[in-house]
Structures are given as C-alpha cells and as structure tokens.
Amino acid sequence: MLFQSQLASHFRLTISRENHIFRRSGSSRSLRNSEMVPPILSLVLPSETGRVLSIQSHTVQGYVGNKSAVFPLQLLGYDVDPINSVQFSNHTGYPTFKGQVLNGQQLWELMEGLEENDLLYYTHLLTGYIGSVSFLSTVLEVVNKLRSVNPKLKYVCDPVMGDEGKLYVPLELVSVYREKVVPVASMLTPNQFEAELLTNLRIESEKDGREACNILHAAGPPMVVLTSININGNLLLIGSHQKEKGLSPEQFKIVIPKIPAYFTGTGDLTTALLLGWSNKYPDNLDKAAELAVSSLQALLQRTINDYKSAGHDPKSSSLEIRLIQSQNDIRNPEIKFRAERYT
C-alpha cells in the first residue's frame with residue numbers, strides 16, 4: 001500500500017493527460033490511434049511488492065541471468081521489466097554459442113525511451129553479470145537516473161566477477177565495483193571470491209566472512225549476503241544487516257548442504273530470491289535468506305532427480321536448473337534451512 005500511495009502523486013498528471021486524450025478520442029474520429037495511450041497499469045495500479053528493472057544476461061535456451069531471475073520475482077508478486085545485457089543462443093558452457101552484446105550507448109537509449117514516456121518509476125534495480133567497464137559505467141548512470149525519479153529506489157547488485165579464484169571479467173572492473181558500485185548499492189550478494197576482491201581480505205574463517213561484511217557496510221550497502229563461502233570443507237551463507245549507520249550489524253549464517261554437481265544460473269536465482277523476500281521482510285534478512293536458500297535447495301534437488309530419471313549422471317556436466325517445475329517451491333517454500341545468529 002505504501003508503494004501505491006507513493007506512485008499516486010507521481011502519476012496524477014500523467015493519468016489526467018491520458019484521460020484527456022481518451023475523451024478527445026470520443027469526440028474526434030480523426031484522432032490518430034497512436035495518441036490513444038492507455039495508462040500503464042503496473043504504474044497506475046501497482047503491485048504491493050514493487051516494480052523491478054533487471055539488467056542481466058539472457059539466453060534463448062536455459063535459465064541464467066534474466067531467464068533465472070524474472071520468473072521467480074514475478075511468482076513472488078513483482079512487476080519486472082528486463083533489459084538483456086547480452087542475448088545468446090545458450091550459456092557459454094556449451095561448445096558454441098551465438099548472439100549479441102548490448103553496449104552502454106544502447107542501454108542508455110532504452111532508458112531515454114522509458115523516460116520520454118514517463119516509465120522510469122521503479123522500486124528496485126537488479127543487476128548481474130556485466131562484462132565491460134563502459135557498460136558498468138552506464139549502469140551507474142542508470143542508478144542516478146532512477147533515483148532522481150524515486151529517491152528510495154533499492155539497488156540490489158550481484159557483483160559477478162568470478163569464482164573459486166578465477167576471474168570471469170576484465171581486471172579493471174574490480175576497481176569500478178569496489179570504488180563506485182559498492183557505495184551506491186542497497187544490497188550486495190558476492191560469493192567468497194568476489195567478497196575477497198571487493199575487500200582485499202582473504203576469507204579463511206567465519207570471522208573473516210563477518211569482517212568482510214563489515215568492510216562492505218562501511219563502504220555503502222546496509223545489506224550484505226555472502227552467498228557461498230567454503231570454510232574447512234563446510235559451505236555457508238553469511239548474511240549481515242546494518243539497520244543504521246554506526247550500529248553493529250545483525251549477522252547470521254546458514255549451513256548449506258554440498259551437492260556434488262555444477263549448476264548454471266543459481267547465483268542469479270539466489271540474488272533474485274533475496275531481493276524478493278527481503279522486501280517482504282525488510283527488518284528480517286535472516287528470514288528472507290532462509291526462504292531463499294530453502295527454495296534454491298528444493299529446486300536443485302529436483303534438478304538432480306530429473307537428470308537421474310533421464311539417465312544422465314549429474315556429476316558429468318553443468319546442469320540446467322528446473323525452474324518452471326519448481327515454481328511451487330519458489331512461491332511457497334518449506335523452510336528446511338535455518339539461520340543461526342551470531343552474538
């Protein structure tokens with residue numbers, strides 16, 4: 001309801017103009033159809049959750065990037081507008097792939113089109129894999145533009161740079177993330193390697209993970225979730241919520257079972273679920289993480305079982321997640337993985 005009331009004053013003039021056009025159309029047969037613009041219902045009658053702009057990759061086949069994030073957020077009640085930073089036939093783990101890459105200028109043209117039609121009111125911005133400094137710099141301009149329309153916009157950033165010691169992106173992106181993106185983010189969801197890159201801290205213990213969260217809080221985001229860290233052979237999620245600057249953050253961990261398989265799109269899905277549930281439980285990040293992890297683990301187990309049913313060894317290759325078949329686990333997850341708060 002708060003979101004709806006915020007939008008009411010912002011779009012009163014727009015709605016009035018559209019209604020005026022509609023009345024004129026009734027009295028003038030010669031009015032062009034292009035002028036008969038109906039209201040945008042996701043703006044005029046918004047969902048109670050919010051409106052998300054998601055800038056991520058896209059594949060025709062499979063579930064990574066926006067294909068892994070948009071549908072779960074819609075299931076959780078969000079209006080989601082995707083911008084595809086790349087459009088590939090399939091993910092890059094296949095022997096070959098074909099497609100196109102969006103550049104920063106093309107991204108900004110899309111933003112200009114939205115602005116010219118009064119469509120720039122979003123409650124959340126979500127970003128994932130970004131492959132160039134120029135595109136990431138344009139994303140920073142997008143953040144500023146969206147916050148000029150809605151100063152309360154939350155920016156949820158998955159700083160996709162690499163994993164297990166391997167960098168996926170040009171080295172120069174690391175400093176841009178560290179110096180420019182982290183300070184403007186509302187929530188950050190790095191894995192262990194990415195958190196180490198952003199903080200210049202080697203994470204070898206839970207204490208190190210918590211300290212990495214503190215360093216990131218000091219740089220900007222009030223919510224930080226280290227989505228996967230490996231400590232002494234144990235896989236953990238560590239979350240941290242600094243509700244006010246200067247106060248100690250509330251921190252917790254969730255022990256995650258190791259599954260002997262490699263999946264694509266899980267990081268994109270995890271960040272989307274964290275956005276979706278943290279907005280529903282804004283003062284309870286550990287509850288949001290419990291729901292996100294429980295959804296993800298149910299989906300991964302279903303994926304494993306289905307590959308086995310098809311006669312495929314899940315350990316032999318990267319696996320496409322069973323997103324559509326797991327929609328009930330996304331919408332109404334059974335919490336099987338509990339958060340343990342640090343004291």
# chains A, B, ... in the order shown; residues from 1 in each chain; ligands from 1

call {"tool": "residues_around", "arguments": {"residues": "A:Lys145", "least_positions_apart": "6", "cutoff": "10 Å", "atoms": "only C-alpha atoms", "output": "mmCIF file with N, CA, C and O atoms, in the first residue's frame"}}
result
data_model
loop_
_atom_site.group_PDB
_atom_site.id
_atom_site.type_symbol
_atom_site.label_atom_id
_atom_site.label_comp_id
_atom_site.auth_asym_id
_atom_site.auth_seq_id
_atom_site.Cartn_x
_atom_site.Cartn_y
_atom_site.Cartn_z
ATOM 1 N N MET A 111 16.891 3.576 -21.774
ATOM 2 C CA MET A 111 16.498 4.421 -20.645
ATOM 3 C C MET A 111 15.841 5.705 -21.131
ATOM 4 O O MET A 111 14.855 6.175 -20.553
ATOM 5 N N GLU A 115 12.164 7.102 -20.253
ATOM 6 C CA GLU A 115 11.982 8.435 -19.659
ATOM 7 C C GLU A 115 11.021 9.289 -20.479
ATOM 8 O O GLU A 115 10.166 9.995 -19.919
ATOM 9 N N LEU A 120 9.849 5.628 -15.840
ATOM 10 C CA LEU A 120 11.082 5.376 -15.096
ATOM 11 C C LEU A 120 10.891 5.199 -13.596
ATOM 12 O O LEU A 120 11.884 5.207 -12.864
ATOM 13 N N TYR A 121 9.666 5.022 -13.135
ATOM 14 C CA TYR A 121 9.470 4.823 -11.696
ATOM 15 C C TYR A 121 9.619 3.341 -11.354
ATOM 16 O O TYR A 121 8.783 2.513 -11.716
ATOM 17 N N VAL A 139 25.524 1.703 -16.213
ATOM 18 C CA VAL A 139 24.636 1.228 -15.150
ATOM 19 C C VAL A 139 24.643 2.207 -13.978
ATOM 20 O O VAL A 139 23.593 2.483 -13.377
ATOM 21 N N PRO A 151 13.806 8.555 -5.121
ATOM 22 C CA PRO A 151 14.990 8.575 -4.246
ATOM 23 C C PRO A 151 15.096 7.346 -3.342
ATOM 24 O O PRO A 151 16.182 7.054 -2.828
#

call {"tool": "residues_around", "arguments": {"residues": "stretch 256-269 of chain A", "least_positions_apart": "2", "cutoff": "6 Å", "atoms": "only C-alpha atoms", "output": "list of chain:residue names"}}
result
A:Tyr63, A:Val64, A:Gly65, A:Ser68, A:Ala69, A:Leu235, A:Leu236, A:Thr271, A:Ala272, A:Pro314, A:Lys315, A:Ser318, A:Leu319, A:Glu320

call {"tool": "residues_around", "arguments": {"residues": "stretch 330-342 of chain A", "least_positions_apart": "6", "cutoff": "10 Å", "atoms": "only C-alpha atoms", "output": "PyMOL selection string"}}
result
chain A and resi 71-77+210+237-240+250-257+273+285-299+323-324

call {"tool": "write_last_selection", "arguments": {"atoms": "C-alpha atoms", "output": "CSV table (one decimal), in the first residue's frame"}}
result
chain,number,residue,atom,x,y,z
A,71,PHE,CA,10.1,-15.5,-13.4
A,72,PRO,CA,10.8,-16.1,-9.7
A,73,LEU,CA,10.3,-12.4,-8.9
A,74,GLN,CA,7.0,-12.5,-10.9
A,75,LEU,CA,5.9,-15.5,-8.9
A,76,LEU,CA,6.6,-13.5,-5.7
A,77,GLY,CA,4.3,-10.7,-6.9
A,210,ARG,CA,31.8,-11.4,9.1
A,237,LEU,CA,25.9,-18.4,3.6
A,238,ILE,CA,26.7,-15.4,5.8
A,239,GLY,CA,24.3,-12.5,6.0
A,240,SER,CA,24.7,-9.1,7.6
A,250,GLU,CA,22.9,-8.2,12.8
A,251,GLN,CA,24.8,-11.2,11.4
A,252,PHE,CA,23.9,-14.8,10.8
A,253,LYS,CA,24.9,-17.9,8.9
A,254,ILE,CA,23.1,-20.7,7.2
A,255,VAL,CA,24.8,-24.1,6.6
A,256,ILE,CA,24.2,-25.2,3.1
A,257,PRO,CA,24.5,-28.9,2.0
A,273,LEU,CA,15.0,-14.6,-4.3
A,285,LEU,CA,17.2,-10.5,6.5
A,286,ASP,CA,17.8,-13.9,8.1
A,287,LYS,CA,14.1,-14.9,7.4
A,288,ALA,CA,14.5,-13.8,3.8
A,289,ALA,CA,17.7,-15.8,3.5
A,290,GLU,CA,16.0,-18.9,5.0
A,291,LEU,CA,13.3,-18.7,2.4
A,292,ALA,CA,15.7,-18.1,-0.5
A,293,VAL,CA,18.0,-20.9,0.5
A,294,SER,CA,15.1,-23.3,1.1
A,295,SER,CA,13.7,-22.5,-2.4
A,296,LEU,CA,17.0,-22.9,-4.1
A,297,GLN,CA,17.9,-26.3,-2.4
A,298,ALA,CA,14.5,-27.7,-3.3
A,299,LEU,CA,15.0,-26.7,-6.9
A,323,LEU,CA,13.0,-23.5,-12.8
A,324,ILE,CA,9.4,-23.9,-14.1

call {"tool": "residues_around", "arguments": {"residues": "stretch 122-128 of chain A", "least_positions_apart": "4", "cutoff": "7 Å", "atoms": "only C-alpha atoms", "output": "list in words"}}
result
Gly50, Arg51, Val52, Leu53, Ser54, Ile55, Gln56, Gly65, Leu146, Asn150, Leu153, Lys154, Tyr155, Val156, Cys157, Asp158, Pro159, Val160 and Asp268 of chain A

call {"tool": "write_last_selection", "arguments": {"atoms": "all heavy atoms", "output": "short mmCIF file (atom, residue, chain, number, x, y, z; two decimals), in the first residue's frame"}}
result
data_model
loop_
_atom_site.label_atom_id
_atom_site.label_comp_id
_atom_site.auth_asym_id
_atom_site.auth_seq_id
_atom_site.Cartn_x
_atom_site.Cartn_y
_atom_site.Cartn_z
N GLY A 50 6.30 -4.29 -5.61
CA GLY A 50 7.15 -3.32 -6.25
C GLY A 50 7.33 -3.57 -7.73
O GLY A 50 6.77 -4.50 -8.32
N ARG A 51 8.15 -2.72 -8.33
CA ARG A 51 8.43 -2.75 -9.76
C ARG A 51 9.94 -2.79 -9.95
O ARG A 51 10.65 -1.87 -9.50
CB ARG A 51 7.81 -1.53 -10.43
CG ARG A 51 7.86 -1.53 -11.96
CD ARG A 51 6.95 -0.44 -12.53
NE ARG A 51 6.93 -0.48 -13.98
CZ ARG A 51 7.51 0.44 -14.74
NH1 ARG A 51 8.11 1.47 -14.18
NH2 ARG A 51 7.47 0.35 -16.06
N VAL A 52 10.43 -3.83 -10.58
CA VAL A 52 11.87 -4.09 -10.67
C VAL A 52 12.36 -3.90 -12.09
O VAL A 52 11.75 -4.40 -13.05
CB VAL A 52 12.19 -5.54 -10.22
CG1 VAL A 52 13.69 -5.81 -10.29
CG2 VAL A 52 11.66 -5.80 -8.81
N LEU A 53 13.47 -3.18 -12.26
CA LEU A 53 14.20 -3.15 -13.51
C LEU A 53 15.39 -4.08 -13.35
O LEU A 53 16.24 -3.88 -12.48
CB LEU A 53 14.68 -1.74 -13.84
CG LEU A 53 15.47 -1.59 -15.15
CD1 LEU A 53 14.59 -1.92 -16.35
CD2 LEU A 53 16.05 -0.18 -15.29
N SER A 54 15.46 -5.11 -14.18
CA SER A 54 16.51 -6.12 -14.07
C SER A 54 17.41 -6.09 -15.30
O SER A 54 16.95 -6.35 -16.42
CB SER A 54 15.89 -7.52 -13.93
OG SER A 54 16.89 -8.51 -13.80
N ILE A 55 18.67 -5.73 -15.10
CA ILE A 55 19.65 -5.65 -16.19
C ILE A 55 20.61 -6.82 -16.04
O ILE A 55 21.48 -6.83 -15.18
CB ILE A 55 20.42 -4.32 -16.16
CG1 ILE A 55 19.45 -3.13 -16.20
CG2 ILE A 55 21.39 -4.24 -17.33
CD1 ILE A 55 20.12 -1.78 -16.06
N GLN A 56 20.42 -7.84 -16.89
CA GLN A 56 21.21 -9.05 -16.81
C GLN A 56 21.30 -9.71 -18.18
O GLN A 56 20.68 -9.25 -19.14
CB GLN A 56 20.60 -10.04 -15.80
CG GLN A 56 20.46 -9.52 -14.39
CD GLN A 56 20.20 -10.63 -13.40
OE1 GLN A 56 21.00 -11.55 -13.26
NE2 GLN A 56 19.07 -10.56 -12.71
N GLY A 65 20.92 -15.59 -15.83
CA GLY A 65 20.64 -14.16 -15.93
C GLY A 65 19.17 -13.85 -15.73
O GLY A 65 18.52 -14.34 -14.80
N LEU A 146 17.39 6.67 -12.08
CA LEU A 146 16.22 6.09 -11.40
C LEU A 146 16.00 6.73 -10.03
O LEU A 146 14.86 6.93 -9.62
CB LEU A 146 16.41 4.58 -11.26
CG LEU A 146 16.45 3.77 -12.55
CD1 LEU A 146 16.62 2.29 -12.25
CD2 LEU A 146 15.21 4.00 -13.39
N ASN A 150 12.79 8.24 -8.18
CA ASN A 150 12.39 7.64 -6.91
C ASN A 150 13.62 7.57 -6.00
O ASN A 150 14.41 6.62 -6.09
CB ASN A 150 11.81 6.25 -7.11
CG ASN A 150 11.47 5.58 -5.79
OD1 ASN A 150 11.33 6.24 -4.74
ND2 ASN A 150 11.33 4.26 -5.81
N LEU A 153 14.67 4.26 -4.30
CA LEU A 153 14.99 3.07 -5.09
C LEU A 153 16.07 2.23 -4.41
O LEU A 153 17.09 2.75 -3.96
CB LEU A 153 15.49 3.48 -6.47
CG LEU A 153 16.00 2.31 -7.32
CD1 LEU A 153 15.01 1.97 -8.42
CD2 LEU A 153 17.37 2.60 -7.91
N LYS A 154 15.85 0.92 -4.34
CA LYS A 154 16.83 -0.01 -3.79
C LYS A 154 17.58 -0.68 -4.93
O LYS A 154 16.96 -1.23 -5.85
CB LYS A 154 16.14 -1.05 -2.91
CG LYS A 154 15.51 -0.46 -1.65
CD LYS A 154 14.84 -1.54 -0.81
CE LYS A 154 14.21 -0.94 0.44
NZ LYS A 154 13.52 -1.97 1.26
N TYR A 155 18.89 -0.65 -4.84
CA TYR A 155 19.74 -1.25 -5.86
C TYR A 155 20.35 -2.53 -5.31
O TYR A 155 21.16 -2.51 -4.39
CB TYR A 155 20.83 -0.26 -6.26
CG TYR A 155 21.86 -0.82 -7.23
CD1 TYR A 155 21.57 -1.88 -8.08
CD2 TYR A 155 23.13 -0.26 -7.29
CE1 TYR A 155 22.51 -2.39 -8.96
CE2 TYR A 155 24.08 -0.76 -8.17
CZ TYR A 155 23.77 -1.83 -9.00
OH TYR A 155 24.71 -2.33 -9.86
N VAL A 156 19.93 -3.66 -5.88
CA VAL A 156 20.42 -4.97 -5.48
C VAL A 156 21.44 -5.42 -6.52
O VAL A 156 21.10 -5.61 -7.69
CB VAL A 156 19.27 -5.99 -5.36
CG1 VAL A 156 19.82 -7.37 -5.01
CG2 VAL A 156 18.27 -5.53 -4.31
N CYS A 157 22.69 -5.57 -6.09
CA CYS A 157 23.79 -5.83 -7.01
C CYS A 157 24.44 -7.17 -6.72
O CYS A 157 24.91 -7.41 -5.60
CB CYS A 157 24.83 -4.72 -6.92
SG CYS A 157 26.33 -5.04 -7.87
N ASP A 158 24.46 -8.04 -7.72
CA ASP A 158 25.26 -9.26 -7.67
C ASP A 158 26.53 -8.95 -8.46
O ASP A 158 26.51 -8.92 -9.69
CB ASP A 158 24.49 -10.41 -8.31
CG ASP A 158 25.26 -11.72 -8.25
OD1 ASP A 158 26.36 -11.75 -7.65
OD2 ASP A 158 24.78 -12.72 -8.82
N PRO A 159 27.65 -8.70 -7.77
CA PRO A 159 28.88 -8.27 -8.45
C PRO A 159 29.60 -9.46 -9.09
O PRO A 159 30.63 -9.91 -8.62
CB PRO A 159 29.69 -7.65 -7.31
CG PRO A 159 29.30 -8.46 -6.11
CD PRO A 159 27.84 -8.81 -6.31
N VAL A 160 29.06 -9.95 -10.18
CA VAL A 160 29.58 -11.16 -10.82
C VAL A 160 30.95 -10.87 -11.42
O VAL A 160 31.06 -10.16 -12.43
CB VAL A 160 28.61 -11.67 -11.90
CG1 VAL A 160 29.17 -12.93 -12.54
CG2 VAL A 160 27.24 -11.92 -11.30
N ASP A 268 22.23 -16.13 -10.02
CA ASP A 268 21.21 -15.17 -10.47
C ASP A 268 19.89 -15.42 -9.76
O ASP A 268 19.20 -14.48 -9.35
CB ASP A 268 21.01 -15.30 -11.98
CG ASP A 268 22.32 -15.23 -12.75
OD1 ASP A 268 23.13 -14.35 -12.45
OD2 ASP A 268 22.52 -16.08 -13.65
#

call {"tool": "closest_residue", "arguments": {"among": "A:Ile231, A:Gln105, A:Pro249, A:Val182", "to": "A:Asn214", "atoms": "only C-alpha atoms"}}
result
A:Pro249

call {"tool": "closest_residue", "arguments": {"among": "A:Asp283, A:Glu164, A:Glu194, A:Asp208", "to": "A:Pro222", "atoms": "only C-alpha atoms"}}
result
A:Asp283

call {"tool": "residues_around", "arguments": {"residues": "A:Phe88", "least_positions_apart": "3", "cutoff": "6 Å", "atoms": "only C-alpha atoms", "output": "count of residues only"}}
result
3

call {"tool": "select_by_dssp", "arguments": {"residues": "stretch 115-224 of chain A", "states": "alpha helix (DSSP H)", "output": "VMD selection string"}}
result
chain A and resid 115 to 116 133 to 149 172 to 176 192 to 199 206 to 219

call {"tool": "atom_distance", "arguments": {"atom1": "atom CA of A:Val149", "atom2": "atom CA of A:Pro190"}}
result
27.7 Å

call {"tool": "residues_around", "arguments": {"residues": "A:Lys180", "least_positions_apart": "6", "cutoff": "12 Å", "atoms": "only C-alpha atoms", "output": "number ranges by chain"}}
result
A: 133, 136-141, 143-144, 159, 173-174, 198, 219-221

call {"tool": "closest_residue", "arguments": {"among": "A:Ile203, A:Ile215, A:Met36, A:Ile321", "to": "A:Gly165", "atoms": "only C-alpha atoms"}}
result
A:Ile203

call {"tool": "closest_residue", "arguments": {"among": "A:Thr227, A:Thr270, A:Gln327, A:Ser248", "to": "A:Glu211", "atoms": "only C-alpha atoms"}}
result
A:Ser248

call {"tool": "atom_distance", "arguments": {"atom1": "atom CA of A:Leu110", "atom2": "atom CA of A:Pro38"}}
result
20.5 Å

call {"tool": "atom_distance", "arguments": {"atom1": "atom CA of A:Ala195", "atom2": "atom CA of A:Cys213"}}
result
8.3 Å

call {"tool": "residues_around", "arguments": {"residues": "A:Ser89", "least_positions_apart": "5", "cutoff": "10 Å", "atoms": "only C-alpha atoms", "output": "list in words"}}
result
His58, Thr59, Val60, Gln61, Gly62, Tyr94, Thr96, Phe97, Lys98, Gly99 and Gln100 of chain A

call {"tool": "select_by_dssp", "arguments": {"residues": "stretch 128-249 of chain A", "states": "strand (DSSP E or B)", "output": "ChimeraX atom specification"}}
result
/A:154-157,162-163,166-167,187-188,223-231,234-241
